[in-house]
$ cat work31.pdb   # PDB, C-alpha atoms
ATOM      1  CA  MET A   1      -4.574   0.925 -12.944  1.00  0.00           C
ATOM      2  CA  ALA A   2      -0.954   1.625 -13.758  1.00  0.00           C
ATOM      3  CA  PHE A   3       2.167  -0.048 -12.425  1.00  0.00           C
ATOM      4  CA  VAL A   4       5.076   2.395 -12.484  1.00  0.00           C
ATOM      5  CA  SER A   5       8.554   1.127 -11.666  1.00  0.00           C
ATOM      6  CA  SER A   6       9.964   2.950  -8.634  1.00  0.00           C
ATOM      7  CA  ALA A   7      13.302   3.279 -10.412  1.00  0.00           C
ATOM      8  CA  LEU A   8      11.552   5.392 -13.067  1.00  0.00           C
ATOM      9  CA  ALA A   9       8.907   7.169 -11.032  1.00  0.00           C
ATOM     10  CA  ALA A  10      10.816  10.453 -10.852  1.00  0.00           C
ATOM     11  CA  ARG A  11      12.064  10.359 -14.423  1.00  0.00           C
ATOM     12  CA  SER A  12      10.311  11.142 -17.683  1.00  0.00           C
ATOM     13  CA  VAL A  13      10.271   8.794 -20.668  1.00  0.00           C
ATOM     14  CA  GLY A  14      11.496  10.549 -23.809  1.00  0.00           C
ATOM     15  CA  SER A  15      10.628   9.998 -27.428  1.00  0.00           C
ATOM     16  CA  SER A  16      13.425   7.443 -27.720  1.00  0.00           C
ATOM     17  CA  SER A  17      11.435   4.927 -25.652  1.00  0.00           C
ATOM     18  CA  SER A  18      10.137   1.731 -27.175  1.00  0.00           C
ATOM     19  CA  GLY A  19       7.086  -0.136 -26.029  1.00  0.00           C
ATOM     20  CA  VAL A  20       5.126  -3.349 -26.259  1.00  0.00           C
ATOM     21  CA  ARG A  21       1.368  -3.477 -25.653  1.00  0.00           C
ATOM     22  CA  PHE A  22      -0.808  -6.542 -25.355  1.00  0.00           C
ATOM     23  CA  ARG A  23      -4.018  -7.583 -23.619  1.00  0.00           C
ATOM     24  CA  GLY A  24      -4.495  -4.151 -22.109  1.00  0.00           C
ATOM     25  CA  VAL A  25      -0.949  -4.069 -20.769  1.00  0.00           C
ATOM     26  CA  GLY A  26       1.824  -1.812 -22.092  1.00  0.00           C
ATOM     27  CA  VAL A  27       5.532  -1.879 -21.407  1.00  0.00           C
ATOM     28  CA  VAL A  28       7.842   1.061 -22.075  1.00  0.00           C
ATOM     29  CA  VAL A  29      11.604   0.626 -21.724  1.00  0.00           C
ATOM     30  CA  PRO A  30      13.962   3.608 -22.242  1.00  0.00           C
ATOM     31  CA  ARG A  31      16.788   2.922 -24.670  1.00  0.00           C
ATOM     32  CA  GLY A  32      20.405   3.767 -24.037  1.00  0.00           C
ATOM     33  CA  SER A  33      20.073   3.677 -20.273  1.00  0.00           C
ATOM     34  CA  SER A  34      22.248   1.672 -17.908  1.00  0.00           C
ATOM     35  CA  THR A  35      19.285   1.350 -15.569  1.00  0.00           C
ATOM     36  CA  ARG A  36      16.789  -1.224 -16.814  1.00  0.00           C
ATOM     37  CA  SER A  37      13.370   0.053 -15.838  1.00  0.00           C
ATOM     38  CA  CYS A  38       9.850  -0.318 -17.093  1.00  0.00           C
ATOM     39  CA  VAL A  39       6.492   1.406 -16.990  1.00  0.00           C
ATOM     40  CA  CYS A  40       3.549  -0.966 -17.190  1.00  0.00           C
ATOM     41  CA  HIS A  41      -0.053   0.151 -17.640  1.00  0.00           C
ATOM     42  CA  MET A  42      -3.148  -1.938 -17.023  1.00  0.00           C
ATOM     43  CA  THR A  43      -6.373  -0.552 -18.439  1.00  0.00           C
ATOM     44  CA  ALA A  44      -9.943  -1.794 -18.470  1.00  0.00           C
ATOM     45  CA  SER A  45     -10.612  -4.183 -21.317  1.00  0.00           C
ATOM     46  CA  GLY A  46     -14.309  -3.330 -21.465  1.00  0.00           C
ATOM     47  CA  GLY A  47     -15.418  -6.905 -20.889  1.00  0.00           C
ATOM     48  CA  GLY A  48     -14.418 -10.246 -19.449  1.00  0.00           C
ATOM     49  CA  GLY A  49     -10.758 -11.081 -19.039  1.00  0.00           C
ATOM     50  CA  GLY A  50     -10.629 -14.645 -20.294  1.00  0.00           C
ATOM     51  CA  GLY A  51      -8.485 -14.059 -23.395  1.00  0.00           C
ATOM     52  CA  GLU A  52      -4.819 -14.865 -23.636  1.00  0.00           C
ATOM     53  CA  SER A  53      -2.097 -12.266 -24.103  1.00  0.00           C
ATOM     54  CA  SER A  54      -0.451 -11.910 -27.490  1.00  0.00           C
ATOM     55  CA  ALA A  55       3.317 -12.051 -28.059  1.00  0.00           C
ATOM     56  CA  GLY A  56       5.399 -10.007 -25.657  1.00  0.00           C
ATOM     57  CA  SER A  57       6.522 -10.054 -22.072  1.00  0.00           C
ATOM     58  CA  ILE A  58       6.158  -8.093 -18.890  1.00  0.00           C
ATOM     59  CA  ASP A  59       8.802  -8.367 -16.235  1.00  0.00           C
ATOM     60  CA  PHE A  60       8.079  -6.494 -13.034  1.00  0.00           C
ATOM     61  CA  SER A  61      11.192  -8.114 -11.590  1.00  0.00           C
ATOM     62  CA  ASP A  62      13.516  -6.714 -14.257  1.00  0.00           C
ATOM     63  CA  VAL A  63      14.166  -3.481 -12.400  1.00  0.00           C
ATOM     64  CA  ASN A  64      17.599  -2.378 -11.254  1.00  0.00           C
ATOM     65  CA  LEU A  65      17.946   0.566  -8.890  1.00  0.00           C
ATOM     66  CA  GLN A  66      21.692   0.788  -9.526  1.00  0.00           C
ATOM     67  CA  GLY A  67      22.496   3.882 -11.586  1.00  0.00           C
ATOM     68  CA  ALA A  68      19.184   5.570 -10.819  1.00  0.00           C
ATOM     69  CA  GLY A  69      21.178   8.709 -10.031  1.00  0.00           C
ATOM     70  CA  LYS A  70      20.410  11.430  -7.567  1.00  0.00           C
ATOM     71  CA  ASP A  71      16.642  11.112  -8.007  1.00  0.00           C
ATOM     72  CA  PHE A  72      16.510   8.793  -5.009  1.00  0.00           C
ATOM     73  CA  GLU A  73      19.124  10.359  -2.727  1.00  0.00           C
ATOM     74  CA  GLY A  74      17.692  10.490   0.763  1.00  0.00           C
ATOM     75  CA  MET A  75      14.881   8.094  -0.196  1.00  0.00           C
ATOM     76  CA  VAL A  76      16.779   4.805  -0.263  1.00  0.00           C
ATOM     77  CA  PHE A  77      18.237   3.351   2.918  1.00  0.00           C
ATOM     78  CA  MET A  78      22.010   2.925   2.686  1.00  0.00           C
ATOM     79  CA  PRO A  79      23.824   1.432   5.698  1.00  0.00           C
ATOM     80  CA  GLU A  80      26.900   3.270   6.903  1.00  0.00           C
ATOM     81  CA  GLY A  81      30.375   1.782   6.955  1.00  0.00           C
ATOM     82  CA  ASP A  82      32.003  -0.849   4.801  1.00  0.00           C
ATOM     83  CA  ALA A  83      29.933  -3.705   3.428  1.00  0.00           C
ATOM     84  CA  PRO A  84      30.312  -6.874   5.505  1.00  0.00           C
ATOM     85  CA  ILE A  85      32.156  -9.829   4.033  1.00  0.00           C
ATOM     86  CA  GLU A  86      29.663 -12.418   2.805  1.00  0.00           C
ATOM     87  CA  VAL A  87      30.103 -15.865   4.295  1.00  0.00           C
ATOM     88  CA  PRO A  88      29.370 -18.621   1.750  1.00  0.00           C
ATOM     89  CA  SER A  89      26.554 -20.985   2.672  1.00  0.00           C
ATOM     90  CA  ARG A  90      27.551 -24.464   3.754  1.00  0.00           C
ATOM     91  CA  ALA A  91      24.152 -25.782   2.628  1.00  0.00           C
ATOM     92  CA  ARG A  92      24.701 -24.903  -1.027  1.00  0.00           C
ATOM     93  CA  MET A  93      24.968 -27.947  -3.269  1.00  0.00           C
ATOM     94  CA  MET A  94      24.516 -28.107  -7.075  1.00  0.00           C
ATOM     95  CA  TYR A  95      22.566 -24.842  -7.065  1.00  0.00           C
ATOM     96  CA  THR A  96      23.487 -22.579  -9.978  1.00  0.00           C
ATOM     97  CA  GLU A  97      23.577 -18.810  -9.917  1.00  0.00           C
ATOM     98  CA  THR A  98      20.986 -18.801 -12.712  1.00  0.00           C
ATOM     99  CA  CYS A  99      18.527 -20.719 -10.537  1.00  0.00           C
ATOM    100  CA  GLU A 100      19.294 -18.459  -7.582  1.00  0.00           C
ATOM    101  CA  SER A 101      18.565 -15.364  -9.697  1.00  0.00           C
ATOM    102  CA  ALA A 102      15.327 -16.878 -11.048  1.00  0.00           C
ATOM    103  CA  ILE A 103      14.053 -17.474  -7.513  1.00  0.00           C
ATOM    104  CA  ASN A 104      14.877 -13.882  -6.539  1.00  0.00           C
ATOM    105  CA  ASN A 105      13.003 -12.607  -9.595  1.00  0.00           C
ATOM    106  CA  GLN A 106       9.950 -14.644  -8.652  1.00  0.00           C
ATOM    107  CA  ILE A 107      10.065 -13.288  -5.101  1.00  0.00           C
ATOM    108  CA  ASN A 108       9.806  -9.830  -6.631  1.00  0.00           C
ATOM    109  CA  VAL A 109       6.897 -10.929  -8.845  1.00  0.00           C
ATOM    110  CA  GLU A 110       4.970 -12.295  -5.855  1.00  0.00           C
ATOM    111  CA  TYR A 111       5.565  -9.165  -3.774  1.00  0.00           C
ATOM    112  CA  THR A 112       4.482  -6.984  -6.708  1.00  0.00           C
ATOM    113  CA  ALA A 113       1.243  -8.956  -6.989  1.00  0.00           C
ATOM    114  CA  SER A 114       0.707  -8.584  -3.250  1.00  0.00           C
ATOM    115  CA  TYR A 115       1.299  -4.828  -3.522  1.00  0.00           C
ATOM    116  CA  ALA A 116      -1.206  -4.561  -6.378  1.00  0.00           C
ATOM    117  CA  TYR A 117      -3.888  -6.452  -4.473  1.00  0.00           C
ATOM    118  CA  HIS A 118      -3.280  -4.293  -1.421  1.00  0.00           C
ATOM    119  CA  ALA A 119      -3.913  -1.224  -3.578  1.00  0.00           C
ATOM    120  CA  LEU A 120      -7.219  -2.745  -4.739  1.00  0.00           C
ATOM    121  CA  PHE A 121      -8.136  -3.469  -1.114  1.00  0.00           C
ATOM    122  CA  ALA A 122      -7.477   0.173  -0.204  1.00  0.00           C
ATOM    123  CA  TYR A 123      -9.656   1.406  -3.078  1.00  0.00           C
ATOM    124  CA  PHE A 124     -12.711  -0.713  -2.302  1.00  0.00           C
ATOM    125  CA  ASP A 125     -12.393   0.099   1.407  1.00  0.00           C
ATOM    126  CA  ARG A 126     -12.911   3.843   0.741  1.00  0.00           C
ATOM    127  CA  ASP A 127     -16.126   5.401   2.056  1.00  0.00           C
ATOM    128  CA  THR A 128     -16.966   6.709  -1.440  1.00  0.00           C
ATOM    129  CA  VAL A 129     -16.790   3.166  -2.857  1.00  0.00           C
ATOM    130  CA  SER A 130     -17.673   1.032   0.166  1.00  0.00           C
ATOM    131  CA  LEU A 131     -17.636  -2.499  -1.215  1.00  0.00           C
ATOM    132  CA  PRO A 132     -16.412  -4.366   1.882  1.00  0.00           C
ATOM    133  CA  GLY A 133     -16.721  -7.793   0.270  1.00  0.00           C
ATOM    134  CA  PHE A 134     -14.350  -6.831  -2.538  1.00  0.00           C
ATOM    135  CA  ALA A 135     -12.037  -5.073  -0.077  1.00  0.00           C
ATOM    136  CA  LYS A 136     -11.778  -8.229   2.053  1.00  0.00           C
ATOM    137  CA  TYR A 137     -11.258 -10.420  -1.021  1.00  0.00           C
ATOM    138  CA  PHE A 138      -8.313  -8.387  -2.299  1.00  0.00           C
ATOM    139  CA  GLN A 139      -6.878  -8.060   1.204  1.00  0.00           C
ATOM    140  CA  ASP A 140      -6.806 -11.864   1.398  1.00  0.00           C
ATOM    141  CA  GLN A 141      -5.265 -12.083  -2.071  1.00  0.00           C
ATOM    142  CA  SER A 142      -2.520  -9.685  -0.987  1.00  0.00           C
ATOM    143  CA  ALA A 143      -1.735 -11.791   2.068  1.00  0.00           C
ATOM    144  CA  GLU A 144      -1.651 -14.963  -0.054  1.00  0.00           C
ATOM    145  CA  GLU A 145       0.851 -13.518  -2.532  1.00  0.00           C
ATOM    146  CA  LYS A 146       3.024 -12.353   0.372  1.00  0.00           C
ATOM    147  CA  GLU A 147       2.985 -15.917   1.707  1.00  0.00           C
ATOM    148  CA  HIS A 148       4.166 -17.148  -1.697  1.00  0.00           C
ATOM    149  CA  ALA A 149       7.046 -14.672  -1.601  1.00  0.00           C
ATOM    150  CA  GLU A 150       8.048 -15.875   1.861  1.00  0.00           C
ATOM    151  CA  LEU A 151       7.822 -19.501   0.698  1.00  0.00           C
ATOM    152  CA  LEU A 152      10.290 -18.694  -2.083  1.00  0.00           C
ATOM    153  CA  MET A 153      12.551 -16.883   0.377  1.00  0.00           C
ATOM    154  CA  LYS A 154      12.658 -19.947   2.626  1.00  0.00           C
ATOM    155  CA  TYR A 155      13.453 -22.117  -0.375  1.00  0.00           C
ATOM    156  CA  GLN A 156      16.269 -19.786  -1.389  1.00  0.00           C
ATOM    157  CA  ASN A 157      17.783 -20.074   2.078  1.00  0.00           C
ATOM    158  CA  ARG A 158      17.295 -23.841   2.126  1.00  0.00           C
ATOM    159  CA  ARG A 159      19.299 -24.210  -1.078  1.00  0.00           C
ATOM    160  CA  GLY A 160      22.079 -21.979   0.210  1.00  0.00           C
ATOM    161  CA  GLY A 161      21.232 -19.016  -1.999  1.00  0.00           C
ATOM    162  CA  ARG A 162      20.981 -15.383  -0.955  1.00  0.00           C
ATOM    163  CA  VAL A 163      17.716 -13.459  -1.082  1.00  0.00           C
ATOM    164  CA  MET A 164      18.138 -10.216  -3.015  1.00  0.00           C
ATOM    165  CA  PHE A 165      15.309  -7.691  -2.943  1.00  0.00           C
ATOM    166  CA  LYS A 166      14.508  -5.449  -5.896  1.00  0.00           C
ATOM    167  CA  PRO A 167      12.322  -2.357  -6.232  1.00  0.00           C
ATOM    168  CA  LEU A 168       8.609  -3.052  -6.533  1.00  0.00           C
ATOM    169  CA  ALA A 169       6.295  -1.646  -9.167  1.00  0.00           C
ATOM    170  CA  VAL A 170       4.130   1.011  -7.535  1.00  0.00           C
ATOM    171  CA  PRO A 171       0.392   0.597  -8.223  1.00  0.00           C
ATOM    172  CA  GLU A 172      -1.450   3.795  -9.117  1.00  0.00           C
ATOM    173  CA  MET A 173      -5.225   3.426  -8.978  1.00  0.00           C
ATOM    174  CA  LYS A 174      -7.123   5.139 -11.790  1.00  0.00           C
ATOM    175  CA  PHE A 175     -10.753   4.101 -11.888  1.00  0.00           C
ATOM    176  CA  ASP A 176     -12.862   6.071 -14.378  1.00  0.00           C
ATOM    177  CA  HIS A 177     -16.278   4.715 -13.431  1.00  0.00           C
ATOM    178  CA  LEU A 178     -18.621   6.616 -11.161  1.00  0.00           C
ATOM    179  CA  ASP A 179     -20.318   3.518  -9.786  1.00  0.00           C
ATOM    180  CA  GLY A 180     -18.535   0.898  -7.751  1.00  0.00           C
ATOM    181  CA  THR A 181     -20.107  -1.999  -9.689  1.00  0.00           C
ATOM    182  CA  SER A 182     -18.284  -1.152 -12.925  1.00  0.00           C
ATOM    183  CA  ASP A 183     -15.065  -0.680 -10.972  1.00  0.00           C
ATOM    184  CA  ALA A 184     -15.563  -4.104  -9.391  1.00  0.00           C
ATOM    185  CA  MET A 185     -15.850  -5.759 -12.805  1.00  0.00           C
ATOM    186  CA  TYR A 186     -12.741  -3.914 -13.972  1.00  0.00           C
ATOM    187  CA  ALA A 187     -10.818  -4.999 -10.863  1.00  0.00           C
ATOM    188  CA  MET A 188     -11.761  -8.649 -11.345  1.00  0.00           C
ATOM    189  CA  ASP A 189     -10.535  -8.494 -14.934  1.00  0.00           C
ATOM    190  CA  LEU A 190      -7.206  -7.144 -13.652  1.00  0.00           C
ATOM    191  CA  HIS A 191      -7.214  -9.911 -11.062  1.00  0.00           C
ATOM    192  CA  LEU A 192      -7.444 -12.580 -13.767  1.00  0.00           C
ATOM    193  CA  GLN A 193      -4.707 -10.954 -15.836  1.00  0.00           C
ATOM    194  CA  LEU A 194      -2.421 -10.747 -12.811  1.00  0.00           C
ATOM    195  CA  GLU A 195      -2.927 -14.419 -11.868  1.00  0.00           C
ATOM    196  CA  LYS A 196      -2.108 -15.466 -15.441  1.00  0.00           C
ATOM    197  CA  PHE A 197       0.975 -13.264 -15.351  1.00  0.00           C
ATOM    198  CA  VAL A 198       2.229 -14.920 -12.151  1.00  0.00           C
ATOM    199  CA  TYR A 199       1.645 -18.352 -13.726  1.00  0.00           C
ATOM    200  CA  LYS A 200       3.713 -17.443 -16.784  1.00  0.00           C
ATOM    201  CA  LYS A 201       6.548 -16.157 -14.614  1.00  0.00           C
ATOM    202  CA  LEU A 202       6.528 -19.429 -12.634  1.00  0.00           C
ATOM    203  CA  LEU A 203       6.791 -21.314 -15.924  1.00  0.00           C
ATOM    204  CA  GLU A 204       9.901 -19.284 -16.749  1.00  0.00           C
ATOM    205  CA  VAL A 205      11.456 -20.233 -13.402  1.00  0.00           C
ATOM    206  CA  HIS A 206      10.660 -23.900 -14.087  1.00  0.00           C
ATOM    207  CA  THR A 207      12.340 -23.620 -17.502  1.00  0.00           C
ATOM    208  CA  VAL A 208      15.489 -22.284 -15.841  1.00  0.00           C
ATOM    209  CA  ALA A 209      15.526 -25.136 -13.311  1.00  0.00           C
ATOM    210  CA  ASP A 210      14.995 -27.722 -16.046  1.00  0.00           C
ATOM    211  CA  SER A 211      17.739 -26.308 -18.282  1.00  0.00           C
ATOM    212  CA  ASP A 212      20.149 -26.301 -15.312  1.00  0.00           C
ATOM    213  CA  SER A 213      19.277 -29.938 -14.487  1.00  0.00           C
ATOM    214  CA  ASP A 214      17.855 -29.150 -11.047  1.00  0.00           C
ATOM    215  CA  PRO A 215      15.018 -31.677 -10.519  1.00  0.00           C
ATOM    216  CA  GLU A 216      14.499 -30.687  -6.887  1.00  0.00           C
ATOM    217  CA  MET A 217      13.798 -27.081  -7.872  1.00  0.00           C
ATOM    218  CA  CYS A 218      11.548 -28.305 -10.692  1.00  0.00           C
ATOM    219  CA  ASN A 219       9.453 -30.251  -8.173  1.00  0.00           C
ATOM    220  CA  PHE A 220       9.215 -27.237  -5.895  1.00  0.00           C
ATOM    221  CA  ILE A 221       8.036 -24.928  -8.701  1.00  0.00           C
ATOM    222  CA  GLU A 222       5.612 -27.564 -10.029  1.00  0.00           C
ATOM    223  CA  ASP A 223       3.800 -27.508  -6.692  1.00  0.00           C
ATOM    224  CA  MET A 224       3.441 -23.738  -6.995  1.00  0.00           C
ATOM    225  CA  LEU A 225       2.283 -24.085 -10.612  1.00  0.00           C
ATOM    226  CA  SER A 226      -0.495 -26.468  -9.579  1.00  0.00           C
ATOM    227  CA  GLU A 227      -1.727 -23.994  -6.991  1.00  0.00           C
ATOM    228  CA  GLN A 228      -1.513 -21.161  -9.498  1.00  0.00           C
ATOM    229  CA  VAL A 229      -3.676 -23.057 -12.002  1.00  0.00           C
ATOM    230  CA  GLU A 230      -6.385 -23.219  -9.342  1.00  0.00           C
ATOM    231  CA  ALA A 231      -5.975 -19.491  -8.682  1.00  0.00           C
ATOM    232  CA  VAL A 232      -6.475 -18.699 -12.377  1.00  0.00           C
ATOM    233  CA  LYS A 233      -9.584 -20.903 -12.506  1.00  0.00           C
ATOM    234  CA  LYS A 234     -11.009 -19.192  -9.429  1.00  0.00           C
ATOM    235  CA  ALA A 235     -10.391 -15.701 -10.843  1.00  0.00           C
ATOM    236  CA  ALA A 236     -11.940 -16.696 -14.189  1.00  0.00           C
ATOM    237  CA  GLU A 237     -15.173 -17.769 -12.509  1.00  0.00           C
ATOM    238  CA  TYR A 238     -16.013 -14.267 -11.260  1.00  0.00           C
TER
END
$ encode --input "work31.pdb" --output "structure tokens"
Amino acid sequence: MAFVSSALAARSVGSSSSGVRFRGVGVVVPRGSSTRSCVCHMTASGGGGGGESSAGSIDFSDVNLQGAGKDFEGMVFMPEGDAPIEVPSRARMMYTETCESAINNQINVEYTASYAYHALFAYFDRDTVSLPGFAKYFQDQSAEEKEHAELLMKYQNRRGGRVMFKPLAVPEMKFDHLDGTSDAMYAMDLHLQLEKFVYKKLLEVHTVADSDSDPEMCNFIEDMLSEQVEAVKKAAEY
């Protein structure tokens, strides 16, 4: 299973790229480009997925479509006319731009997870695979991650911030096994890795809130962290 950033999908990565690989996940970031994009690959680990990742970081949210060039002309919606004047929120109070940006990044992370689970649902729902139990499970996981994204969006609005959407990583399904059972084990390993990834990204948001002395945001993220710990435990039990 590979996650390919939509801002890089139509562009090749040259020999000047640098990469980080850990726990079956690789990140490639082109150097010398004004557009920060990434290509992330998830591959089967050959066994259970209980191990921790080594040093490195993946950031599905660190994708900027600005400067992508003509590759996406006609593919990205652009409203006509002048941009409207933004009216500042009257609800905003002691809410830093750093915290606002961290919440937007996490919204992107949650939507990316939802997109990935939806791709797994589509795969197991195929007539050539036909594992309806797994299809339903990943469909529910997709809906749950979407709910988390919407929860963060409501929080952003409640604090007087502005929700800013970013491109999502596009999941490309590449299962090499001929039997659905092996693919199911592989998918559950990816599931565990993805839940751990979301937990780590929530920790980063909490760090931002703590460093900016925002206890209310810390409490909000701590509630999500508690739920995410349960999600990791549930995924690890399969």
$ residues_around --input "work31.pdb" --residues "stretch 219-225 of chain A" --least-positions-apart "4" --cutoff "12 Å" --atoms "only C-alpha atoms" --output "number ranges by chain"
A: 99, 102-103, 106, 110, 145, 147-149, 151-152, 154-156, 158-159, 195-210, 213-215, 229-232
$ atom_distance --input "work31.pdb" --atom1 "atom CA of A:Tyr238" --atom2 "atom CA of A:Leu131"
15.6 Å
$ atom_distance --input "work31.pdb" --atom1 "atom CA of A:Ser101" --atom2 "atom CA of A:Val87"
18.1 Å
$ axis_aligned_box --input "work31.pdb" --around "stretch 113-131 of chain A" --padding-each-side "3 Å" --output "JSON"
{"center_x": -8.2, "center_y": -1.1, "center_z": -2.5, "size_x": 25.0, "size_y": 21.7, "size_z": 15.0}
$ closest_residue --input "work31.pdb" --among "A:Ser182, A:Asn157, A:Gln141, A:Ser226" --to "A:Ala113" --atoms "only C-alpha atoms"
A:Gln141
$ atom_distance --input "work31.pdb" --atom1 "atom CA of A:Ser142" --atom2 "atom CA of A:His118"
5.5 Å
$ residues_near_point --input "work31.pdb" --point "(23.6, -16.4, 1.2)" --cutoff "8 Å" --atoms "all atoms listed in the file" --output "number ranges by chain"
A: 86-89, 157, 160-163
